[in-house]
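Below is the file final-v3.txt, which contains compact mmCIF, N, CA, C and O atoms.
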```
# COMPACT_ATOMS: atom_id res chain seq x y z
N MET A 1 0.84 -1.18 0.00
CA MET A 1 0.00 0.00 0.00
C MET A 1 0.89 1.25 0.00
O MET A 1 1.96 1.25 0.59
N ILE A 2 0.40 2.26 -0.70
CA ILE A 2 1.10 3.54 -0.73
C ILE A 2 0.11 4.64 -0.32
O ILE A 2 -1.10 4.44 -0.36
N LYS A 3 0.64 5.79 0.08
CA LYS A 3 -0.21 6.92 0.45
C LYS A 3 -0.07 8.01 -0.61
O LYS A 3 1.03 8.36 -1.02
N VAL A 4 -1.23 8.51 -1.02
CA VAL A 4 -1.28 9.61 -1.98
C VAL A 4 -2.34 10.61 -1.50
O VAL A 4 -3.18 10.29 -0.68
N SER A 5 -2.27 11.80 -2.04
CA SER A 5 -3.28 12.81 -1.76
C SER A 5 -4.20 12.88 -2.97
O SER A 5 -3.75 13.09 -4.10
N VAL A 6 -5.50 12.68 -2.73
CA VAL A 6 -6.49 12.78 -3.80
C VAL A 6 -7.46 13.90 -3.43
O VAL A 6 -8.16 13.80 -2.43
N ASN A 7 -7.43 14.96 -4.21
CA ASN A 7 -8.27 16.14 -3.94
C ASN A 7 -8.13 16.61 -2.50
O ASN A 7 -9.10 16.95 -1.84
N GLY A 8 -6.90 16.59 -2.00
CA GLY A 8 -6.62 17.10 -0.66
C GLY A 8 -6.79 16.11 0.47
O GLY A 8 -6.53 16.43 1.63
N GLU A 9 -7.24 14.89 0.17
CA GLU A 9 -7.42 13.85 1.19
C GLU A 9 -6.36 12.78 1.03
O GLU A 9 -6.13 12.29 -0.07
N ILE A 10 -5.72 12.40 2.14
CA ILE A 10 -4.74 11.32 2.10
C ILE A 10 -5.49 9.99 2.00
O ILE A 10 -6.41 9.72 2.76
N LYS A 11 -5.08 9.19 1.01
CA LYS A 11 -5.71 7.88 0.80
C LYS A 11 -4.61 6.83 0.70
O LYS A 11 -3.52 7.11 0.20
N GLU A 12 -4.92 5.63 1.18
CA GLU A 12 -4.02 4.49 0.99
C GLU A 12 -4.58 3.67 -0.15
O GLU A 12 -5.74 3.28 -0.14
N ILE A 13 -3.71 3.42 -1.13
CA ILE A 13 -4.13 2.65 -2.30
C ILE A 13 -3.10 1.56 -2.55
O ILE A 13 -1.99 1.60 -2.01
N GLU A 14 -3.46 0.61 -3.40
CA GLU A 14 -2.52 -0.43 -3.78
C GLU A 14 -1.37 0.18 -4.58
O GLU A 14 -1.55 1.16 -5.30
N ALA A 15 -0.20 -0.41 -4.45
CA ALA A 15 0.96 0.04 -5.22
C ALA A 15 0.78 -0.34 -6.68
O ALA A 15 0.06 -1.29 -7.02
N ASN A 16 1.42 0.40 -7.55
CA ASN A 16 1.49 0.13 -9.00
C ASN A 16 0.16 0.27 -9.74
O ASN A 16 -0.02 -0.35 -10.78
N LEU A 17 -0.75 1.09 -9.21
CA LEU A 17 -1.98 1.36 -9.96
C LEU A 17 -1.71 2.44 -10.99
O LEU A 17 -0.95 3.38 -10.73
N ASN A 18 -2.36 2.33 -12.15
CA ASN A 18 -2.30 3.44 -13.10
C ASN A 18 -3.51 4.34 -12.83
O ASN A 18 -4.35 4.04 -11.98
N ILE A 19 -3.60 5.44 -13.55
CA ILE A 19 -4.69 6.40 -13.29
C ILE A 19 -6.06 5.76 -13.54
O ILE A 19 -6.98 5.94 -12.75
N LYS A 20 -6.19 5.00 -14.61
CA LYS A 20 -7.48 4.34 -14.90
C LYS A 20 -7.89 3.44 -13.74
O LYS A 20 -9.04 3.46 -13.30
N GLN A 21 -6.96 2.64 -13.21
CA GLN A 21 -7.26 1.75 -12.10
C GLN A 21 -7.58 2.53 -10.83
O GLN A 21 -8.45 2.14 -10.05
N LEU A 22 -6.88 3.65 -10.62
CA LEU A 22 -7.14 4.48 -9.44
C LEU A 22 -8.56 5.04 -9.49
O LEU A 22 -9.28 4.98 -8.49
N ILE A 23 -8.96 5.54 -10.64
CA ILE A 23 -10.31 6.09 -10.80
C ILE A 23 -11.35 5.01 -10.50
O ILE A 23 -12.34 5.26 -9.81
N GLU A 24 -11.12 3.80 -11.00
CA GLU A 24 -12.05 2.69 -10.73
C GLU A 24 -12.05 2.34 -9.24
O GLU A 24 -13.11 2.12 -8.65
N ALA A 25 -10.87 2.30 -8.61
CA ALA A 25 -10.77 1.95 -7.19
C ALA A 25 -11.47 2.98 -6.30
O ALA A 25 -12.00 2.63 -5.25
N LEU A 26 -11.48 4.24 -6.74
CA LEU A 26 -12.12 5.30 -5.96
C LEU A 26 -13.60 5.46 -6.30
O LEU A 26 -14.28 6.33 -5.77
N ASN A 27 -14.11 4.60 -7.21
CA ASN A 27 -15.52 4.59 -7.61
C ASN A 27 -15.98 5.90 -8.22
O ASN A 27 -17.11 6.33 -7.98
N TYR A 28 -15.14 6.53 -9.02
CA TYR A 28 -15.57 7.73 -9.74
C TYR A 28 -16.44 7.28 -10.91
O TYR A 28 -15.99 6.55 -11.78
N LYS A 29 -17.68 7.71 -10.91
CA LYS A 29 -18.63 7.32 -11.95
C LYS A 29 -18.87 8.45 -12.95
O LYS A 29 -19.30 8.22 -14.05
N GLN A 30 -18.61 9.68 -12.52
CA GLN A 30 -18.86 10.83 -13.38
C GLN A 30 -17.99 10.80 -14.63
O GLN A 30 -16.84 10.40 -14.57
N LYS A 31 -18.54 11.22 -15.71
CA LYS A 31 -17.79 11.30 -16.97
C LYS A 31 -17.29 12.72 -17.17
O LYS A 31 -17.85 13.67 -16.64
N GLY A 32 -16.24 12.84 -17.96
CA GLY A 32 -15.80 14.16 -18.36
C GLY A 32 -15.03 14.94 -17.32
O GLY A 32 -15.28 16.13 -17.14
N PHE A 33 -14.12 14.32 -16.61
CA PHE A 33 -13.30 15.05 -15.66
C PHE A 33 -11.85 15.04 -16.13
O PHE A 33 -11.49 14.29 -17.04
N ALA A 34 -11.05 15.88 -15.52
CA ALA A 34 -9.62 15.95 -15.84
C ALA A 34 -8.83 15.47 -14.63
O ALA A 34 -9.28 15.61 -13.49
N VAL A 35 -7.67 14.89 -14.89
CA VAL A 35 -6.81 14.39 -13.82
C VAL A 35 -5.45 15.05 -13.93
O VAL A 35 -4.86 15.09 -15.02
N ALA A 36 -4.96 15.55 -12.81
CA ALA A 36 -3.61 16.10 -12.73
C ALA A 36 -2.84 15.31 -11.68
O ALA A 36 -3.37 15.01 -10.61
N VAL A 37 -1.61 14.97 -12.00
CA VAL A 37 -0.72 14.30 -11.05
C VAL A 37 0.44 15.25 -10.80
O VAL A 37 1.15 15.64 -11.73
N ASN A 38 0.59 15.63 -9.53
CA ASN A 38 1.64 16.59 -9.15
C ASN A 38 1.56 17.85 -9.99
O ASN A 38 2.56 18.33 -10.52
N THR A 39 0.36 18.38 -10.13
CA THR A 39 0.00 19.62 -10.85
C THR A 39 0.18 19.54 -12.36
O THR A 39 0.04 20.56 -13.05
N THR A 40 0.45 18.37 -12.93
CA THR A 40 0.57 18.22 -14.38
C THR A 40 -0.63 17.42 -14.89
O THR A 40 -0.85 16.28 -14.47
N PHE A 41 -1.39 18.03 -15.79
CA PHE A 41 -2.55 17.33 -16.33
C PHE A 41 -2.10 16.16 -17.19
O PHE A 41 -1.11 16.23 -17.90
N VAL A 42 -2.86 15.06 -17.10
CA VAL A 42 -2.56 13.83 -17.83
C VAL A 42 -3.67 13.61 -18.85
O VAL A 42 -4.85 13.66 -18.52
N SER A 43 -3.28 13.36 -20.10
CA SER A 43 -4.29 13.12 -21.13
C SER A 43 -4.94 11.76 -20.92
O SER A 43 -4.33 10.84 -20.36
N ILE A 44 -6.17 11.64 -21.37
CA ILE A 44 -6.90 10.38 -21.23
C ILE A 44 -6.12 9.23 -21.86
O ILE A 44 -6.09 8.13 -21.33
N LYS A 45 -5.45 9.50 -22.97
CA LYS A 45 -4.67 8.46 -23.65
C LYS A 45 -3.53 7.93 -22.77
O LYS A 45 -3.09 6.80 -22.96
N ALA A 46 -3.06 8.73 -21.81
CA ALA A 46 -1.93 8.33 -20.96
C ALA A 46 -2.37 7.74 -19.62
O ALA A 46 -1.52 7.36 -18.81
N TYR A 47 -3.67 7.61 -19.36
CA TYR A 47 -4.15 7.09 -18.08
C TYR A 47 -3.58 5.71 -17.77
O TYR A 47 -3.21 5.42 -16.64
N GLU A 48 -3.55 4.82 -18.77
CA GLU A 48 -3.11 3.45 -18.52
C GLU A 48 -1.61 3.34 -18.37
O GLU A 48 -1.12 2.37 -17.79
N GLU A 49 -0.85 4.32 -18.87
CA GLU A 49 0.61 4.23 -18.77
C GLU A 49 1.18 5.05 -17.62
O GLU A 49 2.36 4.95 -17.32
N THR A 50 0.34 5.86 -16.97
CA THR A 50 0.80 6.71 -15.87
C THR A 50 0.58 5.99 -14.54
O THR A 50 -0.56 5.82 -14.10
N ILE A 51 1.67 5.55 -13.92
CA ILE A 51 1.60 4.81 -12.67
C ILE A 51 1.67 5.79 -11.50
O ILE A 51 2.52 6.69 -11.47
N ILE A 52 0.78 5.60 -10.54
CA ILE A 52 0.75 6.44 -9.35
C ILE A 52 1.85 5.98 -8.39
O ILE A 52 2.01 4.78 -8.14
N LYS A 53 2.59 6.94 -7.84
CA LYS A 53 3.69 6.63 -6.93
C LYS A 53 3.40 7.16 -5.53
O LYS A 53 2.62 8.10 -5.37
N ASN A 54 4.05 6.57 -4.54
CA ASN A 54 3.89 7.00 -3.16
C ASN A 54 4.17 8.50 -3.04
O ASN A 54 5.16 8.99 -3.56
N GLY A 55 3.27 9.21 -2.38
CA GLY A 55 3.46 10.64 -2.16
C GLY A 55 2.92 11.53 -3.26
O GLY A 55 2.95 12.75 -3.13
N ASP A 56 2.40 10.93 -4.35
CA ASP A 56 1.86 11.75 -5.43
C ASP A 56 0.63 12.54 -4.96
O ASP A 56 -0.10 12.12 -4.06
N THR A 57 0.43 13.69 -5.58
CA THR A 57 -0.76 14.50 -5.35
C THR A 57 -1.61 14.41 -6.61
O THR A 57 -1.16 14.81 -7.68
N ILE A 58 -2.81 13.87 -6.45
CA ILE A 58 -3.70 13.68 -7.59
C ILE A 58 -4.91 14.60 -7.41
O ILE A 58 -5.53 14.63 -6.34
N ASP A 59 -5.22 15.35 -8.46
CA ASP A 59 -6.41 16.19 -8.47
C ASP A 59 -7.34 15.68 -9.56
O ASP A 59 -6.92 15.55 -10.71
N ILE A 60 -8.57 15.36 -9.18
CA ILE A 60 -9.59 14.93 -10.13
C ILE A 60 -10.61 16.06 -10.19
O ILE A 60 -11.28 16.35 -9.20
N LEU A 61 -10.67 16.71 -11.34
CA LEU A 61 -11.46 17.94 -11.47
C LEU A 61 -12.62 17.75 -12.43
O LEU A 61 -12.43 17.36 -13.57
N ALA A 62 -13.81 18.06 -11.94
CA ALA A 62 -15.00 17.99 -12.78
C ALA A 62 -15.23 19.37 -13.39
O ALA A 62 -14.93 20.39 -12.76
N PRO A 63 -15.79 19.42 -14.60
CA PRO A 63 -16.08 20.71 -15.20
C PRO A 63 -17.16 21.44 -14.42
O PRO A 63 -18.05 20.82 -13.86
N VAL A 64 -17.07 22.76 -14.41
CA VAL A 64 -18.05 23.59 -13.71
C VAL A 64 -18.73 24.48 -14.74
O VAL A 64 -18.06 25.13 -15.54
N GLN A 65 -20.05 24.47 -14.72
CA GLN A 65 -20.78 25.33 -15.64
C GLN A 65 -21.03 26.67 -14.98
O GLN A 65 -21.27 26.75 -13.78
N GLY A 66 -20.96 27.66 -15.77
CA GLY A 66 -21.22 29.00 -15.24
C GLY A 66 -21.67 29.91 -16.35
O GLY A 66 -21.83 29.51 -17.49
N GLY A 67 -21.83 31.14 -16.01
CA GLY A 67 -22.29 32.01 -17.05
C GLY A 67 -22.16 33.39 -16.70
O GLY A 67 -21.74 34.27 -16.37
```

Would you mind writing the structure in this file as structure tokens?
Amino acid sequence: MIKVSVNGEIKEIEANLNIKQLIEALNYKQKGFAVAVNTTFVSIKAYEETIIKNGDTIDILAPVQGG
């Protein structure tokens, strides 16, 4: 198990998860969000190749409508 920060909350997750697996493990059901790891946005195409490491800061951001 490793510790990471997800949207400001410390979470313990399995080691060697990629972003896609992390999203599934955290039960994110919403579509159309962006993911940043250590303040760098990750493209959807790179979710499966981006491995989460101990101490990473992950931000999962949903779009906000406004006007």

For this session: Extract, using only N, CA, C and O atoms, all DNA, RNA and protein residues at most 6 Å from stretch 55-65 of chain A, discarding same-chain residues fewer than 5 positions from it, and format them as a list in words.
Result: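 What passes the distance filter is Ile2, Lys3, Val4, Ser5, Val6, Asn7, Gly8, Gly32, Phe33, Ala34, Val35, Ala36, Val37, Asn38 and Thr39 of chain A.
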
Problem set entry | Which of chain A DSSP labels strand (DSSP E), written as a PyMOL selection string | chain A and resi 2-6+9-13+34-37+40-42+57-61

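Residues surrounding A:Ala15 within 4.5 Å are Met1, Ile13 and Leu17 of chain A [all atoms listed in the file; sequence separation below 2 positions excluded].
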
Seminar exercise, completed: atom CA of A:Lys53 to atom CA of A:Gln30 measures 23.8 Å

Determine which residues of chain A receive a DSSP assignment of helix (DSSP H, G or I), computed from the backbone, and state them as an mmCIF file with N, CA, C and O atoms, in the coordinates of the input.
```cif
data_model
loop_
_atom_site.group_PDB
_atom_site.id
_atom_site.type_symbol
_atom_site.label_atom_id
_atom_site.label_comp_id
_atom_site.auth_asym_id
_atom_site.auth_seq_id
_atom_site.Cartn_x
_atom_site.Cartn_y
_atom_site.Cartn_z
ATOM 1 N N ILE A 19 -3.600 5.440 -13.550
ATOM 2 C CA ILE A 19 -4.690 6.400 -13.290
ATOM 3 C C ILE A 19 -6.060 5.760 -13.540
ATOM 4 O O ILE A 19 -6.980 5.940 -12.750
ATOM 5 N N LYS A 20 -6.190 5.000 -14.610
ATOM 6 C CA LYS A 20 -7.480 4.340 -14.900
ATOM 7 C C LYS A 20 -7.890 3.440 -13.740
ATOM 8 O O LYS A 20 -9.040 3.460 -13.300
ATOM 9 N N GLN A 21 -6.960 2.640 -13.210
ATOM 10 C CA GLN A 21 -7.260 1.750 -12.100
ATOM 11 C C GLN A 21 -7.580 2.530 -10.830
ATOM 12 O O GLN A 21 -8.450 2.140 -10.050
ATOM 13 N N LEU A 22 -6.880 3.650 -10.620
ATOM 14 C CA LEU A 22 -7.140 4.480 -9.440
ATOM 15 C C LEU A 22 -8.560 5.040 -9.490
ATOM 16 O O LEU A 22 -9.280 4.980 -8.490
ATOM 17 N N ILE A 23 -8.960 5.540 -10.640
ATOM 18 C CA ILE A 23 -10.310 6.090 -10.800
ATOM 19 C C ILE A 23 -11.350 5.010 -10.500
ATOM 20 O O ILE A 23 -12.340 5.260 -9.810
ATOM 21 N N GLU A 24 -11.120 3.800 -11.000
ATOM 22 C CA GLU A 24 -12.050 2.690 -10.730
ATOM 23 C C GLU A 24 -12.050 2.340 -9.240
ATOM 24 O O GLU A 24 -13.110 2.120 -8.650
ATOM 25 N N ALA A 25 -10.870 2.300 -8.610
ATOM 26 C CA ALA A 25 -10.770 1.950 -7.190
ATOM 27 C C ALA A 25 -11.470 2.980 -6.300
ATOM 28 O O ALA A 25 -12.000 2.630 -5.250
ATOM 29 N N ILE A 44 -6.170 11.640 -21.370
ATOM 30 C CA ILE A 44 -6.900 10.380 -21.230
ATOM 31 C C ILE A 44 -6.120 9.230 -21.860
ATOM 32 O O ILE A 44 -6.090 8.130 -21.330
ATOM 33 N N LYS A 45 -5.450 9.500 -22.970
ATOM 34 C CA LYS A 45 -4.670 8.460 -23.650
ATOM 35 C C LYS A 45 -3.530 7.930 -22.770
ATOM 36 O O LYS A 45 -3.090 6.800 -22.960
ATOM 37 N N ALA A 46 -3.060 8.730 -21.810
ATOM 38 C CA ALA A 46 -1.930 8.330 -20.960
ATOM 39 C C ALA A 46 -2.370 7.740 -19.620
ATOM 40 O O ALA A 46 -1.520 7.360 -18.810
#
```

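One distance worth recording is that between atom O of A:Val42 and atom N of A:Glu14, which is 20.0 Å.
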
Taking only N, CA, C and O atoms into account, produce a table as a Markdown table in which each residue of stretch 1-35 of chain A with an atom at most 4.5 Å from an atom of stretch 45-49 of chain A appears once, together with its shortest atom pair and the distance in Å to one decimal, ordered by chain and rising number.
```
| residue | atom | partner | partner_atom | distance |
| --- | --- | --- | --- | --- |
| A:Asn18 | C | A:Tyr47 | O | 4.0 |
| A:Ile19 | N | A:Tyr47 | O | 3.1 |
| A:Lys20 | N | A:Tyr47 | O | 3.6 |
```

Exercise. What is the distance, in Å and to one decimal place, between atom CA of A:Ser43 and atom CA of A:Leu22?
Worked result: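 Computing it gives 14.8 Å between the two atoms.
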
Would you kindly place all heavy atoms on stretch 41-52 of chain A and return the model as a PDB file, in the coordinates of the input?
```pdb
ATOM      1  N   PHE A  41      -1.390  18.030 -15.790  1.00  0.00           N
ATOM      2  CA  PHE A  41      -2.550  17.330 -16.330  1.00  0.00           C
ATOM      3  C   PHE A  41      -2.100  16.160 -17.190  1.00  0.00           C
ATOM      4  O   PHE A  41      -1.110  16.230 -17.900  1.00  0.00           O
ATOM      5  CB  PHE A  41      -3.440  18.281 -17.146  1.00  0.00           C
ATOM      6  CG  PHE A  41      -4.285  19.142 -16.273  1.00  0.00           C
ATOM      7  CD1 PHE A  41      -3.893  20.427 -15.963  1.00  0.00           C
ATOM      8  CD2 PHE A  41      -5.459  18.655 -15.734  1.00  0.00           C
ATOM      9  CE1 PHE A  41      -4.658  21.225 -15.129  1.00  0.00           C
ATOM     10  CE2 PHE A  41      -6.236  19.441 -14.893  1.00  0.00           C
ATOM     11  CZ  PHE A  41      -5.830  20.734 -14.596  1.00  0.00           C
ATOM     12  N   VAL A  42      -2.860  15.060 -17.100  1.00  0.00           N
ATOM     13  CA  VAL A  42      -2.560  13.830 -17.830  1.00  0.00           C
ATOM     14  C   VAL A  42      -3.670  13.610 -18.850  1.00  0.00           C
ATOM     15  O   VAL A  42      -4.850  13.660 -18.520  1.00  0.00           O
ATOM     16  CB  VAL A  42      -2.481  12.630 -16.853  1.00  0.00           C
ATOM     17  CG1 VAL A  42      -2.181  11.348 -17.601  1.00  0.00           C
ATOM     18  CG2 VAL A  42      -1.457  12.883 -15.762  1.00  0.00           C
ATOM     19  N   SER A  43      -3.280  13.360 -20.100  1.00  0.00           N
ATOM     20  CA  SER A  43      -4.290  13.120 -21.130  1.00  0.00           C
ATOM     21  C   SER A  43      -4.940  11.760 -20.920  1.00  0.00           C
ATOM     22  O   SER A  43      -4.330  10.840 -20.360  1.00  0.00           O
ATOM     23  CB  SER A  43      -3.660  13.181 -22.527  1.00  0.00           C
ATOM     24  OG  SER A  43      -2.854  12.045 -22.742  1.00  0.00           O
ATOM     25  N   ILE A  44      -6.170  11.640 -21.370  1.00  0.00           N
ATOM     26  CA  ILE A  44      -6.900  10.380 -21.230  1.00  0.00           C
ATOM     27  C   ILE A  44      -6.120   9.230 -21.860  1.00  0.00           C
ATOM     28  O   ILE A  44      -6.090   8.130 -21.330  1.00  0.00           O
ATOM     29  CB  ILE A  44      -8.305  10.497 -21.850  1.00  0.00           C
ATOM     30  CG1 ILE A  44      -9.153  11.462 -21.024  1.00  0.00           C
ATOM     31  CG2 ILE A  44      -8.985   9.139 -21.947  1.00  0.00           C
ATOM     32  CD1 ILE A  44     -10.488  11.808 -21.646  1.00  0.00           C
ATOM     33  N   LYS A  45      -5.450   9.500 -22.970  1.00  0.00           N
ATOM     34  CA  LYS A  45      -4.670   8.460 -23.650  1.00  0.00           C
ATOM     35  C   LYS A  45      -3.530   7.930 -22.770  1.00  0.00           C
ATOM     36  O   LYS A  45      -3.090   6.800 -22.960  1.00  0.00           O
ATOM     37  CB  LYS A  45      -4.085   9.007 -24.946  1.00  0.00           C
ATOM     38  CG  LYS A  45      -5.119   9.320 -25.985  1.00  0.00           C
ATOM     39  CD  LYS A  45      -4.495   9.922 -27.223  1.00  0.00           C
ATOM     40  CE  LYS A  45      -5.551  10.330 -28.222  1.00  0.00           C
ATOM     41  NZ  LYS A  45      -4.996  11.014 -29.375  1.00  0.00           N
ATOM     42  N   ALA A  46      -3.060   8.730 -21.810  1.00  0.00           N
ATOM     43  CA  ALA A  46      -1.930   8.330 -20.960  1.00  0.00           C
ATOM     44  C   ALA A  46      -2.370   7.740 -19.620  1.00  0.00           C
ATOM     45  O   ALA A  46      -1.520   7.360 -18.810  1.00  0.00           O
ATOM     46  CB  ALA A  46      -1.016   9.525 -20.723  1.00  0.00           C
ATOM     47  N   TYR A  47      -3.670   7.610 -19.360  1.00  0.00           N
ATOM     48  CA  TYR A  47      -4.150   7.090 -18.080  1.00  0.00           C
ATOM     49  C   TYR A  47      -3.580   5.710 -17.770  1.00  0.00           C
ATOM     50  O   TYR A  47      -3.210   5.420 -16.640  1.00  0.00           O
ATOM     51  CB  TYR A  47      -5.676   7.020 -18.048  1.00  0.00           C
ATOM     52  CG  TYR A  47      -6.392   8.328 -17.767  1.00  0.00           C
ATOM     53  CD1 TYR A  47      -5.725   9.546 -17.761  1.00  0.00           C
ATOM     54  CD2 TYR A  47      -7.752   8.351 -17.529  1.00  0.00           C
ATOM     55  CE1 TYR A  47      -6.394  10.736 -17.520  1.00  0.00           C
ATOM     56  CE2 TYR A  47      -8.431   9.527 -17.277  1.00  0.00           C
ATOM     57  CZ  TYR A  47      -7.748  10.720 -17.279  1.00  0.00           C
ATOM     58  OH  TYR A  47      -8.417  11.886 -17.032  1.00  0.00           O
ATOM     59  N   GLU A  48      -3.550   4.820 -18.770  1.00  0.00           N
ATOM     60  CA  GLU A  48      -3.110   3.450 -18.520  1.00  0.00           C
ATOM     61  C   GLU A  48      -1.610   3.340 -18.370  1.00  0.00           C
ATOM     62  O   GLU A  48      -1.120   2.370 -17.790  1.00  0.00           O
ATOM     63  CB  GLU A  48      -3.633   2.518 -19.606  1.00  0.00           C
ATOM     64  CG  GLU A  48      -5.148   2.356 -19.526  1.00  0.00           C
ATOM     65  CD  GLU A  48      -5.692   1.310 -20.476  1.00  0.00           C
ATOM     66  OE1 GLU A  48      -5.039   0.261 -20.645  1.00  0.00           O
ATOM     67  OE2 GLU A  48      -6.779   1.545 -21.042  1.00  0.00           O
ATOM     68  N   GLU A  49      -0.850   4.320 -18.870  1.00  0.00           N
ATOM     69  CA  GLU A  49       0.610   4.230 -18.770  1.00  0.00           C
ATOM     70  C   GLU A  49       1.180   5.050 -17.620  1.00  0.00           C
ATOM     71  O   GLU A  49       2.360   4.950 -17.320  1.00  0.00           O
ATOM     72  CB  GLU A  49       1.288   4.657 -20.080  1.00  0.00           C
ATOM     73  CG  GLU A  49       0.400   5.314 -21.046  1.00  0.00           C
ATOM     74  CD  GLU A  49       1.021   5.736 -22.345  1.00  0.00           C
ATOM     75  OE1 GLU A  49       1.743   6.728 -22.380  1.00  0.00           O
ATOM     76  OE2 GLU A  49       0.719   5.060 -23.341  1.00  0.00           O
ATOM     77  N   THR A  50       0.340   5.860 -16.970  1.00  0.00           N
ATOM     78  CA  THR A  50       0.800   6.710 -15.870  1.00  0.00           C
ATOM     79  C   THR A  50       0.580   5.990 -14.540  1.00  0.00           C
ATOM     80  O   THR A  50      -0.560   5.820 -14.100  1.00  0.00           O
ATOM     81  CB  THR A  50       0.061   8.064 -15.886  1.00  0.00           C
ATOM     82  OG1 THR A  50       0.235   8.663 -17.170  1.00  0.00           O
ATOM     83  CG2 THR A  50       0.606   8.987 -14.810  1.00  0.00           C
ATOM     84  N   ILE A  51       1.670   5.550 -13.920  1.00  0.00           N
ATOM     85  CA  ILE A  51       1.600   4.810 -12.670  1.00  0.00           C
ATOM     86  C   ILE A  51       1.670   5.790 -11.500  1.00  0.00           C
ATOM     87  O   ILE A  51       2.520   6.690 -11.470  1.00  0.00           O
ATOM     88  CB  ILE A  51       2.768   3.792 -12.570  1.00  0.00           C
ATOM     89  CG1 ILE A  51       2.754   2.839 -13.768  1.00  0.00           C
ATOM     90  CG2 ILE A  51       2.730   3.023 -11.245  1.00  0.00           C
ATOM     91  CD1 ILE A  51       1.520   1.973 -13.892  1.00  0.00           C
ATOM     92  N   ILE A  52       0.780   5.600 -10.540  1.00  0.00           N
ATOM     93  CA  ILE A  52       0.750   6.440  -9.350  1.00  0.00           C
ATOM     94  C   ILE A  52       1.850   5.980  -8.390  1.00  0.00           C
ATOM     95  O   ILE A  52       2.010   4.780  -8.140  1.00  0.00           O
ATOM     96  CB  ILE A  52      -0.629   6.351  -8.660  1.00  0.00           C
ATOM     97  CG1 ILE A  52      -1.750   6.713  -9.627  1.00  0.00           C
ATOM     98  CG2 ILE A  52      -0.668   7.201  -7.402  1.00  0.00           C
ATOM     99  CD1 ILE A  52      -1.687   8.100 -10.190  1.00  0.00           C
TER     100      ILE A  52
END
```
